[in-house]
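Asker: Structure: final.cif, mmCIF, C-alpha atoms.
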```
data_final
#
loop_
_atom_site.label_atom_id
_atom_site.label_comp_id
_atom_site.auth_asym_id
_atom_site.auth_seq_id
_atom_site.Cartn_x
_atom_site.Cartn_y
_atom_site.Cartn_z
CA ASP A 1 39.34 -120.09 0.37
CA GLY A 2 37.94 -122.15 -2.47
CA GLY A 3 37.57 -125.84 -1.98
CA ILE A 4 35.47 -128.88 -1.22
CA THR A 5 33.74 -129.22 2.13
CA GLN A 6 32.49 -132.59 3.29
CA SER A 7 30.39 -133.23 6.37
CA PRO A 8 30.19 -134.90 8.73
CA LYS A 9 33.79 -135.99 9.15
CA TYR A 10 32.78 -139.02 11.22
CA LEU A 11 29.43 -140.75 11.21
CA PHE A 12 28.07 -143.78 12.98
CA ARG A 13 24.97 -145.55 11.77
CA LYS A 14 22.94 -148.52 12.81
CA GLU A 15 22.24 -151.22 10.31
CA GLY A 16 19.11 -150.57 8.30
CA GLN A 17 19.41 -146.79 8.42
CA ASN A 18 20.01 -144.49 5.49
CA VAL A 19 22.59 -141.75 5.89
CA THR A 20 23.40 -138.73 3.74
CA LEU A 21 26.89 -137.33 3.32
CA SER A 22 27.21 -133.71 2.34
CA CYS A 23 29.58 -132.33 -0.29
CA GLU A 24 29.73 -128.63 -1.10
CA GLN A 25 32.14 -126.82 -3.41
CA ASN A 26 32.77 -123.15 -4.13
CA LEU A 27 35.16 -123.73 -7.02
CA ASN A 28 32.45 -123.26 -9.67
CA HIS A 29 33.30 -126.66 -11.14
CA ASP A 30 30.71 -128.49 -13.20
CA ALA A 31 31.95 -132.04 -12.65
CA MET A 32 31.75 -133.68 -9.24
CA TYR A 33 32.49 -137.21 -8.04
CA TRP A 34 32.00 -139.55 -5.10
CA TYR A 35 34.54 -142.24 -4.26
CA ARG A 36 34.80 -144.98 -1.72
CA GLN A 37 38.16 -145.83 -0.17
CA ASP A 38 38.72 -149.04 1.78
CA PRO A 39 41.90 -149.80 3.74
CA GLY A 40 44.83 -150.60 1.46
CA GLN A 41 42.82 -149.97 -1.66
CA GLY A 42 42.59 -147.27 -4.25
CA LEU A 43 39.60 -145.08 -4.90
CA ARG A 44 36.52 -146.59 -6.45
CA LEU A 45 33.99 -144.39 -8.23
CA ILE A 46 30.44 -144.48 -6.87
CA TYR A 47 28.63 -141.75 -8.80
CA TYR A 48 29.55 -138.72 -10.81
CA SER A 49 27.85 -135.64 -12.20
CA GLN A 50 29.11 -133.66 -15.17
CA ILE A 51 26.47 -130.95 -14.86
CA VAL A 52 23.56 -129.84 -12.71
CA ASN A 53 20.49 -132.11 -12.79
CA ASP A 54 22.46 -134.94 -14.34
CA PHE A 55 24.44 -137.79 -12.79
CA GLN A 56 25.76 -141.19 -13.80
CA LYS A 57 26.56 -144.43 -12.01
CA GLY A 58 30.16 -145.27 -11.42
CA ASP A 59 31.70 -148.68 -10.83
CA ILE A 60 30.07 -149.42 -7.47
CA ALA A 61 26.75 -147.52 -7.44
CA GLU A 62 24.61 -150.28 -5.91
CA GLY A 63 23.22 -149.24 -2.54
CA TYR A 64 23.97 -145.55 -3.08
CA SER A 65 22.02 -142.60 -4.45
CA VAL A 66 22.85 -139.00 -5.29
CA SER A 67 21.26 -135.76 -6.41
CA ARG A 68 22.61 -132.67 -8.15
CA GLU A 69 20.05 -129.92 -7.80
CA LYS A 70 22.63 -127.17 -7.41
CA LYS A 71 26.05 -126.72 -8.96
CA GLU A 72 27.65 -126.34 -5.54
CA SER A 73 26.15 -129.41 -3.91
CA PHE A 74 26.40 -133.15 -4.58
CA PRO A 75 25.09 -135.15 -1.59
CA LEU A 76 25.51 -138.92 -1.36
CA THR A 77 22.99 -141.15 0.40
CA VAL A 78 24.19 -144.51 1.65
CA THR A 79 21.07 -146.64 1.78
CA SER A 80 20.28 -149.68 3.84
CA ALA A 81 20.70 -151.70 0.65
CA GLN A 82 24.45 -151.13 0.72
CA LYS A 83 25.77 -154.40 2.14
CA ASN A 84 29.09 -153.17 3.44
CA PRO A 85 28.86 -149.41 3.97
CA THR A 86 31.64 -148.96 6.50
CA ALA A 87 34.29 -147.01 4.56
CA PHE A 88 35.94 -143.67 3.94
CA TYR A 89 34.05 -141.55 1.41
CA LEU A 90 35.68 -138.85 -0.66
CA CYS A 91 34.04 -136.16 -2.76
CA ALA A 92 35.89 -134.39 -5.55
CA SER A 93 35.40 -131.90 -8.34
CA ARG A 94 37.34 -131.62 -11.57
CA SER A 95 39.03 -128.53 -12.85
CA PRO A 96 37.75 -127.42 -16.25
CA GLN A 97 41.34 -126.57 -17.15
CA THR A 98 43.22 -128.93 -19.42
CA THR A 99 45.13 -130.46 -16.52
CA GLY A 100 42.14 -132.51 -15.46
CA GLU A 101 43.18 -131.92 -11.88
CA LEU A 102 40.81 -133.26 -9.23
CA PHE A 103 40.13 -131.32 -6.03
CA PHE A 104 39.16 -133.42 -3.02
CA GLY A 105 37.40 -132.86 0.26
CA GLU A 106 38.78 -134.23 3.52
CA GLY A 107 36.42 -137.16 3.46
CA SER A 108 33.71 -138.66 5.65
CA ARG A 109 34.34 -141.83 7.62
CA LEU A 110 31.18 -143.89 7.99
CA THR A 111 30.98 -146.72 10.51
CA VAL A 112 28.01 -149.01 10.64
CA LEU A 113 27.44 -150.55 14.07
CA ALA B 114 40.71 -152.55 -19.42
CA GLN B 115 43.09 -150.26 -17.60
CA LYS B 116 45.15 -151.23 -14.60
CA VAL B 117 47.52 -149.43 -12.25
CA THR B 118 49.87 -151.36 -10.01
CA GLN B 119 51.69 -149.85 -7.07
CA ALA B 120 53.55 -152.88 -5.83
CA GLN B 121 55.02 -151.18 -2.77
CA THR B 122 52.32 -151.23 -0.11
CA GLU B 123 54.40 -149.53 2.55
CA ILE B 124 57.80 -147.85 2.57
CA SER B 125 59.64 -146.55 5.60
CA VAL B 126 62.70 -144.30 5.35
CA VAL B 127 64.69 -142.06 7.61
CA GLU B 128 64.59 -138.33 7.02
CA LYS B 129 66.92 -137.07 4.26
CA GLU B 130 66.94 -140.39 2.46
CA ASP B 131 65.82 -140.49 -1.17
CA VAL B 132 62.84 -142.69 -1.95
CA THR B 133 61.22 -143.86 -5.17
CA LEU B 134 57.59 -144.89 -5.45
CA ASP B 135 56.83 -147.22 -8.32
CA CYS B 136 53.83 -147.10 -10.62
CA VAL B 137 53.26 -149.56 -13.46
CA TYR B 138 50.24 -149.25 -15.69
CA GLU B 139 48.40 -151.21 -18.36
CA THR B 140 46.27 -149.69 -21.10
CA ARG B 141 45.39 -150.35 -24.72
CA ASP B 142 44.87 -146.67 -25.42
CA THR B 143 47.50 -144.89 -27.49
CA THR B 144 46.74 -141.61 -25.75
CA TYR B 145 46.38 -141.51 -21.99
CA TYR B 146 47.22 -139.45 -18.93
CA LEU B 147 48.88 -140.37 -15.67
CA PHE B 148 48.55 -138.60 -12.35
CA TRP B 149 50.12 -138.69 -8.93
CA TYR B 150 48.19 -137.65 -5.83
CA LYS B 151 49.27 -137.31 -2.20
CA GLN B 152 46.90 -138.19 0.66
CA PRO B 153 48.17 -136.80 3.97
CA PRO B 154 46.66 -137.91 7.31
CA SER B 155 44.00 -135.17 6.98
CA GLY B 156 42.37 -137.29 4.27
CA GLU B 157 42.04 -135.15 1.17
CA LEU B 158 44.00 -136.13 -1.92
CA VAL B 159 46.24 -133.43 -3.32
CA PHE B 160 47.17 -133.32 -7.00
CA LEU B 161 50.92 -133.49 -7.63
CA ILE B 162 51.42 -133.96 -11.35
CA ARG B 163 49.86 -134.96 -14.65
CA ARG B 164 51.76 -136.51 -17.56
CA ASN B 165 50.37 -137.33 -21.00
CA SER B 166 51.47 -140.32 -23.05
CA PHE B 167 53.12 -138.33 -25.81
CA ASP B 168 55.40 -136.37 -23.52
CA GLU B 169 58.12 -138.54 -22.06
CA GLN B 170 60.13 -135.67 -20.67
CA ASN B 171 60.93 -136.18 -17.05
CA GLU B 172 59.90 -133.49 -14.62
CA ILE B 173 61.41 -132.03 -11.50
CA SER B 174 59.63 -129.85 -8.99
CA GLY B 175 61.76 -129.01 -6.00
CA ARG B 176 62.49 -132.26 -4.17
CA TYR B 177 60.01 -134.18 -6.34
CA SER B 178 60.83 -135.76 -9.68
CA TRP B 179 58.97 -138.06 -12.02
CA ASN B 180 60.36 -140.59 -14.46
CA PHE B 181 57.94 -141.59 -17.23
CA GLN B 182 59.06 -144.53 -19.36
CA LYS B 183 56.62 -145.64 -21.99
CA SER B 184 58.76 -148.63 -22.92
CA THR B 185 58.26 -150.16 -19.49
CA SER B 186 54.81 -148.63 -18.82
CA SER B 187 56.07 -146.97 -15.68
CA PHE B 188 55.64 -143.57 -14.10
CA ASN B 189 57.82 -143.53 -11.01
CA PHE B 190 57.98 -140.79 -8.41
CA THR B 191 61.13 -139.89 -6.49
CA ILE B 192 61.38 -137.74 -3.40
CA THR B 193 64.87 -136.45 -2.75
CA ALA B 194 65.99 -135.70 0.78
CA SER B 195 62.72 -136.86 2.28
CA GLN B 196 61.11 -134.98 5.15
CA VAL B 197 58.66 -136.00 7.85
CA VAL B 198 55.98 -133.93 6.11
CA ASP B 199 56.27 -136.25 3.11
CA SER B 200 54.64 -139.00 5.17
CA ALA B 201 51.40 -139.82 3.36
CA VAL B 202 49.71 -142.28 1.06
CA TYR B 203 50.61 -141.69 -2.58
CA PHE B 204 48.35 -142.73 -5.44
CA CYS B 205 49.09 -143.15 -9.10
CA ALA B 206 46.12 -142.88 -11.48
CA LEU B 207 45.45 -143.43 -15.19
CA THR B 208 42.79 -142.06 -17.54
CA ARG B 209 42.32 -142.00 -21.30
CA ASP B 210 41.46 -138.30 -21.37
CA VAL B 211 41.48 -135.41 -18.94
CA THR B 212 37.75 -134.72 -19.29
CA ASN B 213 37.29 -138.14 -17.72
CA ALA B 214 39.96 -137.68 -15.08
CA GLY B 215 37.31 -138.26 -12.43
CA LYS B 216 36.87 -141.79 -13.80
CA SER B 217 40.56 -142.57 -13.51
CA THR B 218 41.79 -145.98 -12.52
CA PHE B 219 43.67 -145.60 -9.25
CA GLY B 220 46.41 -147.81 -7.87
CA ASP B 221 46.07 -149.13 -4.34
CA GLY B 222 48.50 -146.54 -3.05
CA THR B 223 51.86 -146.62 -1.32
CA THR B 224 52.07 -145.55 2.31
CA LEU B 225 55.28 -143.64 2.89
CA THR B 226 56.52 -143.11 6.42
CA VAL B 227 59.45 -140.77 6.93
CA LYS B 228 61.00 -141.07 10.36
CA PRO B 229 62.94 -138.24 11.97
#
```
Show this structure as structure tokens.

Answerer:
Amino acid sequence: DGGITQSPKYLFRKEGQNVTLSCEQNLNHDAMYWYRQDPGQGLRLIYYSQIVNDFQKGDIAEGYSVSREKKESFPLTVTSAQKNPTAFYLCASRSPQTTGELFFGEGSRLTVL
Amino acid sequence: AQKVTQAQTEISVVEKEDVTLDCVYETRDTTYYLFWYKQPPSGELVFLIRRNSFDEQNEISGRYSWNFQKSTSSFNFTITASQVVDSAVYFCALTRDVTNAGKSTFGDGTTLTVKP
């Protein structure tokens, strides 16, 4: 089945450590996105990529980094510079159809101890 | 600046009741698009509907219906005869064009609990 696969589903990290969240898609979509979701809040855009080898900062990019070396993959690194990294992270891709529909993965929950 | 307000943080209903989730938006754009997404306990958001600003026709899909009123800047979502499987967080989102749908402004979501 086509879709977005995120891993790991749960991740624990000590303060000061970098951690990389994986996002893979087999939908052949060009555009991919990373969001952060905190309890009781909507999604906030961290980074996005409209095409391979190109990405742009979203609204809350500080303390995060990404790469887009392959169309299928858009990993997110949460660096030690991110002051409050404990959150639920969602990856998505956008349909090239005119609906603009977003397809989401099941998310990765990061807890910093 | 765009803004989406979902004033209902949590709603609890008993199965078979009808329930309406409110979404009020603010934008200075004359053309824009509104979306509803469902986030079940599994975590992934699921697209439900898109509506553009120049089409005020209401839409019905099975037990789901949407009421778009430009005059009140609202795009409300009604579930008829709710079921336990409807329990989820529902998000309303706004963007100025579909190619930027990934940069949508999301509301804070409404958590719907349907009790048997």

Asker: Could you tell me, as a PyMOL selection string, exactly which residues end up selected when the PyMOL selection byres ((chain A) within 12 of (chain B)) is applied to this structure?

Answerer: chain A and resi 3-6+9-10+30-50+56-59+88-109

Asker: Name the closest residue to B:Asp168 among the candidates B:Ser195, B:Thr144, B:Asn189, B:Thr118; distances are taken between atoms, counting all atoms listed in the file.

Answerer: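 Distance minimum relative to B:Asp168 lands on B:Thr144.
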
Asker: Find the residues with any atom within 12 Å of (40.2, -153.9, -18.1); use all atoms listed in the file and the coordinates as given in the file, and write the answer as a ChimeraX atom specification.

Answerer: /B:114-117,138-142,218

Asker: Restricting it to C-alpha atoms, dump the selection as a PDB file, in the frame of the given file.

Answerer:
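The file below, out15.pdb, is the result:
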```pdb
ATOM      1  CA  ALA B 114      40.710-152.550 -19.420  1.00  0.00           C
ATOM      2  CA  GLN B 115      43.090-150.260 -17.600  1.00  0.00           C
ATOM      3  CA  LYS B 116      45.150-151.230 -14.600  1.00  0.00           C
ATOM      4  CA  VAL B 117      47.520-149.430 -12.250  1.00  0.00           C
ATOM      5  CA  TYR B 138      50.240-149.250 -15.690  1.00  0.00           C
ATOM      6  CA  GLU B 139      48.400-151.210 -18.360  1.00  0.00           C
ATOM      7  CA  THR B 140      46.270-149.690 -21.100  1.00  0.00           C
ATOM      8  CA  ARG B 141      45.390-150.350 -24.720  1.00  0.00           C
ATOM      9  CA  ASP B 142      44.870-146.670 -25.420  1.00  0.00           C
ATOM     10  CA  THR B 218      41.790-145.980 -12.520  1.00  0.00           C
TER      11      THR B 218
END
```

Asker: With all atoms listed in the file as the basis for distance, which of A:Glu15, A:Val112, A:Val52, A:Ile60 is at the shortest distance from A:Ala87?

Answerer: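 Of A:Glu15, A:Val112, A:Val52, A:Ile60, the one nearest A:Ala87, counting all atoms listed in the file, is A:Val112.
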
Asker: If you apply the PyMOL selection byres ((chain A and resi 75-84) around 6) to this file, what residues do you get, as a list in words?

Answerer: Gly16, Gln17, Asn18, Val19, Thr20, Leu21, Ser22, Cys23, Gly63, Tyr64, Ser65, Val66, Phe74, Pro85 and Thr86 of chain A

Asker: Could you tell me how far atom CA of B:Tyr145 sits from atom CA of A:His29, in Å to one decimal place?

Answerer: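 Atom-to-atom, atom CA of A:His29 and atom CA of B:Tyr145 are spaced 22.6 Å apart.
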
Asker: Expand the PyMOL selection byres ((chain B and resi 196-200) around 10) into the explicit residue set it covers here, and present it as a PyMOL selection string.

Answerer: chain B and resi 124-131+151-154+176+192-195+201-203+224-229

Asker: What is the atom CA of B:Phe190-atom CA of B:Val132 distance in Å, reported with one decimal?

Answerer: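 Interatomic distance here is 8.3 Å.
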
Asker: In Å, how far is it from atom CA of B:Ser174 to atom CA of B:Leu207?

Answerer: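 One can read the atom CA of B:Ser174 to atom CA of B:Leu207 distance as 20.6 Å.
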